[in-house]
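Peer 1: Input: one structure, supplied below.
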Amino acid sequence: MIAENFETIRARIRAAAERVGRDPFSVRLVAVSKHQPLAAIREAMAAGQVIFGENYLQEAEDKAAALGQGLSWHCIGHLQSNKARLAAEVFTCIETIDRLKLAKALESRLVELDKIMPILVQVNVGGEAQKAGVAPQEAGRLCRELQQFPHLVLQGLMTMPPMVENPEESRGCFRQLRLLGEELVSRGLLGQHGPIELSMGMSGDFEVAIEEGATLVRVGTALFGERI
Ligand SMILES: *Cc1c(COP(=O)(O)O)cnc(C)c1O
């Protein structure tokens with residue numbers, strides 16, 4: 001069942017990329033395994049999946065410990081600065097950097113660990129008060145400030161648009177993130193480590209996100225079913 005879902009989603013990812021003339025290999029699938037049991041993750045691993053997204057630090061720590069080496073764990077949830085020390089150990093990529101204090105706390109632990117952490121800046125494109133993320137007009141400043149941390153490798157941007165009925169309604173937000181990324185590249189604030197990552201799109205709207213340039217799509221329920 002889970003293996004079939006992976007096949008279906010991968011085919012839809014390929015098709016969406018090809019529709020807009022993109023290389024399907026330029027899009028990677030982050031399997032969002034929050035609130036899914038280990039057995040489900042093992043099935044995903046058997047289907048060839050290595051990148052998993054988790055929202056909660058404790059849960060990610062337990063799963064990473066149980067499942068061993070060789071997997072990538074992306075932090076896609078809000079991270080408190082006082083949890084940064086443990087997060088630096090557990091995760092292989094942090095997609096939700098939205099303030100300097102958090103970056104500072106991560107860097108200080110990464111120095112001790114002698115570990116390099118790929119990061120994304122989370123942008124609140126929709127401007128929702130309840131959502132995390134830096135405002136688009138503040139993103140440039142944060143990117144510049146992040147340059148002072150040698151253990152944080154800024155690879156791109158992440159966003160979570162407002163909830164909508166029709167995925168087409170999110171197209172504008174996805175496009176805005178891509179245009180913001182391009183602007184930051186042109187200002188020399190992003191893209192120093194190669195082509196930038198754009199993490200956008202979930203179960204309901206990943207195809208639209210790919211059409212607008214997503215390089216990472218974060219898909220949970222369409223792969224694993226409802227969370228328990
Ligand atoms: C839970 C979550 C997802 C996955 O959502 P689905 O609708 O289950 O695909 C993606 N991104 C973030 C940030 C999430 O919290």
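Scheme for the structure tokens: letters A, B, ... for chains in order shown; per-chain residue numbers from 1; ligand numbers from 1 in order shown.
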Quick check for you: according to DSSP on this backbone, which residues of stretch 11-227 of chain A are classed as strand (DSSP E)? Reply as an MDAnalysis selection string.

Peer 2: chainID A and resid 28:32 51:54 72:75 93:97 117:123 152:159 197:199 216:219

Peer 1: If we count only C-alpha atoms, what is near A:Glu168 at a cut-off of 12 Å, once residues fewer than 6 positions away on the same chain are taken out, given as a list in words?

Peer 2: Pro161, Phe174, Arg175, Gly201, Gly204, Asp205, Phe206, Glu207, Val208, Ala209, Glu211 and Glu212 of chain A

Peer 1: With a distance cut-off of 12 Å and only C-alpha atoms, select the neighbouring residues of stretch 63-70 of chain A, excluding the residue or stretch itself and same-chain residues fewer than 3 positions from it, and output the selection as an MDAnalysis selection string.

Peer 2: chainID A and resid 33:45 48:54 56:60 73:74 87 89:92

Peer 1: Please produce an output containing N, CA, C and O atoms for each residue in the selection, written as a CSV table (one decimal), in the first residue's frame.

Peer 2:
chain,number,residue,atom,x,y,z
A,33,SER,N,6.8,12.2,7.8
A,33,SER,CA,6.5,11.0,8.6
A,33,SER,C,6.0,11.3,10.0
A,33,SER,O,5.9,10.4,10.8
A,34,LYS,N,5.7,12.6,10.2
A,34,LYS,CA,5.3,12.9,11.6
A,34,LYS,C,4.0,12.1,11.9
A,34,LYS,O,3.1,12.0,11.1
A,35,HIS,N,4.0,11.7,13.2
A,35,HIS,CA,2.8,10.9,13.7
A,35,HIS,C,2.6,9.7,12.9
A,35,HIS,O,1.4,9.2,12.9
A,36,GLN,N,3.6,9.2,12.2
A,36,GLN,CA,3.5,7.9,11.6
A,36,GLN,C,4.4,6.9,12.3
A,36,GLN,O,5.4,7.2,12.8
A,37,PRO,N,3.9,5.6,12.4
A,37,PRO,CA,4.7,4.6,13.2
A,37,PRO,C,6.0,4.2,12.4
A,37,PRO,O,6.1,4.4,11.2
A,38,LEU,N,6.9,3.6,13.2
A,38,LEU,CA,8.1,3.1,12.6
A,38,LEU,C,7.9,2.2,11.4
A,38,LEU,O,8.6,2.2,10.4
A,39,ALA,N,6.8,1.4,11.6
A,39,ALA,CA,6.6,0.4,10.5
A,39,ALA,C,6.3,1.1,9.2
A,39,ALA,O,6.7,0.6,8.1
A,40,ALA,N,5.6,2.2,9.2
A,40,ALA,CA,5.3,2.9,8.0
A,40,ALA,C,6.6,3.5,7.4
A,40,ALA,O,6.8,3.4,6.2
A,41,ILE,N,7.5,4.0,8.2
A,41,ILE,CA,8.7,4.5,7.7
A,41,ILE,C,9.6,3.4,7.1
A,41,ILE,O,10.2,3.5,6.1
A,42,ARG,N,9.5,2.2,7.8
A,42,ARG,CA,10.3,1.1,7.2
A,42,ARG,C,9.8,0.7,5.8
A,42,ARG,O,10.5,0.3,4.9
A,43,GLU,N,8.4,0.8,5.7
A,43,GLU,CA,7.9,0.5,4.4
A,43,GLU,C,8.3,1.5,3.3
A,43,GLU,O,8.6,1.1,2.2
A,44,ALA,N,8.4,2.7,3.8
A,44,ALA,CA,8.9,3.8,2.8
A,44,ALA,C,10.3,3.5,2.5
A,44,ALA,O,10.7,3.7,1.3
A,45,MET,N,11.1,3.1,3.5
A,45,MET,CA,12.6,2.8,3.2
A,45,MET,C,12.7,1.7,2.2
A,45,MET,O,13.5,1.7,1.3
A,48,GLY,N,12.5,2.7,-1.2
A,48,GLY,CA,13.6,3.5,-1.7
A,48,GLY,C,13.7,4.9,-1.1
A,48,GLY,O,14.5,5.7,-1.6
A,49,GLN,N,12.9,5.2,-0.2
A,49,GLN,CA,12.8,6.6,0.3
A,49,GLN,C,13.9,6.8,1.4
A,49,GLN,O,14.1,6.0,2.3
A,50,VAL,N,14.7,7.9,1.3
A,50,VAL,CA,15.7,8.2,2.3
A,50,VAL,C,15.5,9.5,3.0
A,50,VAL,O,16.1,9.8,4.1
A,51,ILE,N,14.7,10.4,2.4
A,51,ILE,CA,14.5,11.7,3.1
A,51,ILE,C,13.2,11.8,3.8
A,51,ILE,O,12.1,11.6,3.1
A,52,PHE,N,13.2,12.1,5.0
A,52,PHE,CA,12.0,12.1,5.8
A,52,PHE,C,11.9,13.5,6.5
A,52,PHE,O,12.9,14.1,6.9
A,53,GLY,N,10.7,14.0,6.6
A,53,GLY,CA,10.4,15.3,7.3
A,53,GLY,C,9.7,15.0,8.6
A,53,GLY,O,8.7,14.3,8.7
A,54,GLU,N,10.2,15.7,9.6
A,54,GLU,CA,9.5,15.6,10.9
A,54,GLU,C,9.3,17.0,11.5
A,54,GLU,O,10.1,17.9,11.3
A,56,TYR,N,8.4,17.4,15.0
A,56,TYR,CA,8.7,17.4,16.4
A,56,TYR,C,10.0,16.7,16.8
A,56,TYR,O,10.3,15.6,16.4
A,57,LEU,N,10.8,17.5,17.5
A,57,LEU,CA,12.2,17.1,17.8
A,57,LEU,C,12.3,15.7,18.5
A,57,LEU,O,13.0,14.9,18.1
A,58,GLN,N,11.5,15.6,19.5
A,58,GLN,CA,11.5,14.3,20.3
A,58,GLN,C,11.2,13.1,19.4
A,58,GLN,O,11.9,12.1,19.5
A,59,GLU,N,10.2,13.3,18.6
A,59,GLU,CA,9.8,12.2,17.8
A,59,GLU,C,10.9,11.9,16.7
A,59,GLU,O,11.2,10.7,16.5
A,60,ALA,N,11.5,12.9,16.2
A,60,ALA,CA,12.5,12.7,15.2
A,60,ALA,C,13.7,12.0,15.9
A,60,ALA,O,14.3,11.1,15.3
A,73,TRP,N,17.0,13.4,7.8
A,73,TRP,CA,15.9,13.9,8.6
A,73,TRP,C,15.8,15.4,8.4
A,73,TRP,O,16.7,16.2,8.9
A,74,HIS,N,14.7,15.9,7.8
A,74,HIS,CA,14.5,17.3,7.6
A,74,HIS,C,13.6,17.9,8.7
A,74,HIS,O,12.5,17.3,8.9
A,87,ALA,N,18.5,19.7,18.4
A,87,ALA,CA,18.1,19.7,16.9
A,87,ALA,C,19.4,19.6,16.1
A,87,ALA,O,19.4,18.9,15.0
A,89,GLU,N,21.9,18.0,16.7
A,89,GLU,CA,22.4,16.6,16.7
A,89,GLU,C,21.5,15.7,15.8
A,89,GLU,O,22.0,14.8,15.1
A,90,VAL,N,20.2,15.9,15.9
A,90,VAL,CA,19.2,15.0,15.3
A,90,VAL,C,19.1,15.2,13.8
A,90,VAL,O,19.0,14.2,13.1
A,91,PHE,N,18.9,16.4,13.4
A,91,PHE,CA,18.5,16.7,12.0
A,91,PHE,C,19.7,16.7,11.1
A,91,PHE,O,20.8,17.0,11.4
A,92,THR,N,19.4,16.4,9.8
A,92,THR,CA,20.4,16.6,8.7
A,92,THR,C,20.2,17.8,7.9
A,92,THR,O,21.0,18.2,7.1

Peer 1: Ranking A:Met158, A:Ile228, A:Ala46, A:Leu113 by minimum distance to A:Pro136 and counting only C-alpha atoms, which one comes first?

Peer 2: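 Result for the nearest residue to A:Pro136: A:Met158.
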
Peer 1: Can you work out the spacing between atom CA of A:Cys75 and atom CA of A:Val217 in Å, to one decimal?

Peer 2: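 Separating atom CA of A:Cys75 from atom CA of A:Val217 is a distance of 13.3 Å.
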
Peer 1: Of the candidates A:Leu71, A:Val20, A:Met163, A:Ala47, which shows the shortest atom-to-atom distance to A:Glu7, using only C-alpha atoms?

Peer 2: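 Among A:Leu71, A:Val20, A:Met163, A:Ala47, it is A:Ala47 that comes nearest to A:Glu7.
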
Peer 1: Please, which residues have at least one atom within 6 Å of an atom of ligand 1, using only C-alpha atoms and all ligand atoms, listed as a PyMOL selection string?

Peer 2: chain A and resi 32+76-77+202-203+218-221

Peer 1: Include N, CA, C and O atoms and write out the residues we just selected as a PDB file, in the first residue's frame.

Peer 2:
ATOM      1  N   VAL A  32       6.904  13.123   4.623  1.00  0.00           N
ATOM      2  CA  VAL A  32       6.604  13.681   5.948  1.00  0.00           C
ATOM      3  C   VAL A  32       6.017  12.577   6.830  1.00  0.00           C
ATOM      4  O   VAL A  32       4.883  12.141   6.639  1.00  0.00           O
ATOM      5  N   ILE A  76      10.905  20.237   9.645  1.00  0.00           N
ATOM      6  CA  ILE A  76       9.948  21.081   8.925  1.00  0.00           C
ATOM      7  C   ILE A  76       8.977  21.754   9.888  1.00  0.00           C
ATOM      8  O   ILE A  76       8.019  22.394   9.457  1.00  0.00           O
ATOM      9  N   GLY A  77       9.218  21.606  11.178  1.00  0.00           N
ATOM     10  CA  GLY A  77       8.335  22.213  12.181  1.00  0.00           C
ATOM     11  C   GLY A  77       9.022  23.374  12.874  1.00  0.00           C
ATOM     12  O   GLY A  77      10.233  23.583  12.747  1.00  0.00           O
ATOM     13  N   MET A 202       2.682  20.374  -0.630  1.00  0.00           N
ATOM     14  CA  MET A 202       2.363  19.268   0.259  1.00  0.00           C
ATOM     15  C   MET A 202       1.402  18.326  -0.487  1.00  0.00           C
ATOM     16  O   MET A 202       1.256  18.446  -1.702  1.00  0.00           O
ATOM     17  N   SER A 203       0.760  17.421   0.231  1.00  0.00           N
ATOM     18  CA  SER A 203      -0.074  16.414  -0.448  1.00  0.00           C
ATOM     19  C   SER A 203      -1.069  17.023  -1.437  1.00  0.00           C
ATOM     20  O   SER A 203      -1.270  16.497  -2.522  1.00  0.00           O
ATOM     21  N   ARG A 218       7.102  18.390   0.220  1.00  0.00           N
ATOM     22  CA  ARG A 218       6.946  17.738   1.530  1.00  0.00           C
ATOM     23  C   ARG A 218       5.590  17.054   1.572  1.00  0.00           C
ATOM     24  O   ARG A 218       4.566  17.708   1.773  1.00  0.00           O
ATOM     25  N   VAL A 219       5.585  15.761   1.358  1.00  0.00           N
ATOM     26  CA  VAL A 219       4.319  15.037   1.203  1.00  0.00           C
ATOM     27  C   VAL A 219       4.149  14.028   2.339  1.00  0.00           C
ATOM     28  O   VAL A 219       5.031  13.185   2.566  1.00  0.00           O
ATOM     29  N   GLY A 220       3.036  14.127   3.051  1.00  0.00           N
ATOM     30  CA  GLY A 220       2.755  13.223   4.162  1.00  0.00           C
ATOM     31  C   GLY A 220       1.598  12.290   3.874  1.00  0.00           C
ATOM     32  O   GLY A 220       1.764  11.139   3.492  1.00  0.00           O
ATOM     33  N   THR A 221       0.377  12.810   4.040  1.00  0.00           N
ATOM     34  CA  THR A 221      -0.806  11.937   3.989  1.00  0.00           C
ATOM     35  C   THR A 221      -0.986  11.227   2.642  1.00  0.00           C
ATOM     36  O   THR A 221      -1.482  10.101   2.615  1.00  0.00           O
TER      37      THR A 221
END

Peer 1: Do a neighbour search on A:Lys104 at 8 Å with only C-alpha atoms, toss out local chain neighbours closer than 4 positions, and write the hits as a PyMOL selection string.

Peer 2: chain A and resi 100+108+149

Peer 1: For the residues in the current selection, export N, CA, C and O atoms as a PDB file, in the first residue's frame.

Peer 2:
ATOM      1  N   LEU A 100      17.356  35.029  13.833  1.00  0.00           N
ATOM      2  CA  LEU A 100      18.790  34.999  14.118  1.00  0.00           C
ATOM      3  C   LEU A 100      19.116  34.207  15.380  1.00  0.00           C
ATOM      4  O   LEU A 100      20.080  33.451  15.424  1.00  0.00           O
ATOM      5  N   SER A 108      26.278  27.385  17.617  1.00  0.00           N
ATOM      6  CA  SER A 108      27.179  27.143  18.747  1.00  0.00           C
ATOM      7  C   SER A 108      27.284  25.638  19.033  1.00  0.00           C
ATOM      8  O   SER A 108      28.348  25.145  19.402  1.00  0.00           O
ATOM      9  N   PHE A 149      27.642  32.534  10.083  1.00  0.00           N
ATOM     10  CA  PHE A 149      27.719  31.228  10.747  1.00  0.00           C
ATOM     11  C   PHE A 149      28.297  30.173   9.802  1.00  0.00           C
ATOM     12  O   PHE A 149      27.586  29.655   8.942  1.00  0.00           O
TER      13      PHE A 149
END

Peer 1: As a count of residues only, please: the residues near A:Glu95 (cut-off 10 Å, only C-alpha atoms, same-chain neighbours under 6 positions excluded).

Peer 2: 20

Peer 1: So, counting only C-alpha atoms, which residue among A:Met160, A:Ala16, A:Leu180, A:Ala11 is closest to A:Gly133?

Peer 2: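 Ranked by minimum distance to A:Gly133, first place goes to A:Met160.
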
Peer 1: Enumerate as a ChimeraX atom specification all residues of stretch 35-171 of chain A assigned to alpha helix (DSSP H) by DSSP on the backbone, naming them with the chain letters and numbers the document uses.

Peer 2: /A:38-46,57-67,84-90,100-113,136-146,171

Peer 1: What is the atom CA of A:Thr8 to atom CA of A:Gln176 distance in Å?

Peer 2: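 For atom CA of A:Thr8 relative to atom CA of A:Gln176, the distance reads 28.0 Å.
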
Peer 1: Which polymer residues have any atom within 12 Å of an atom of A:Gln147, counting only C-alpha atoms, with same-chain residues fewer than 2 positions away left out, as a ChimeraX atom specification?

Peer 2: /A:100,103-104,107,119,140-145,149-155,188-193
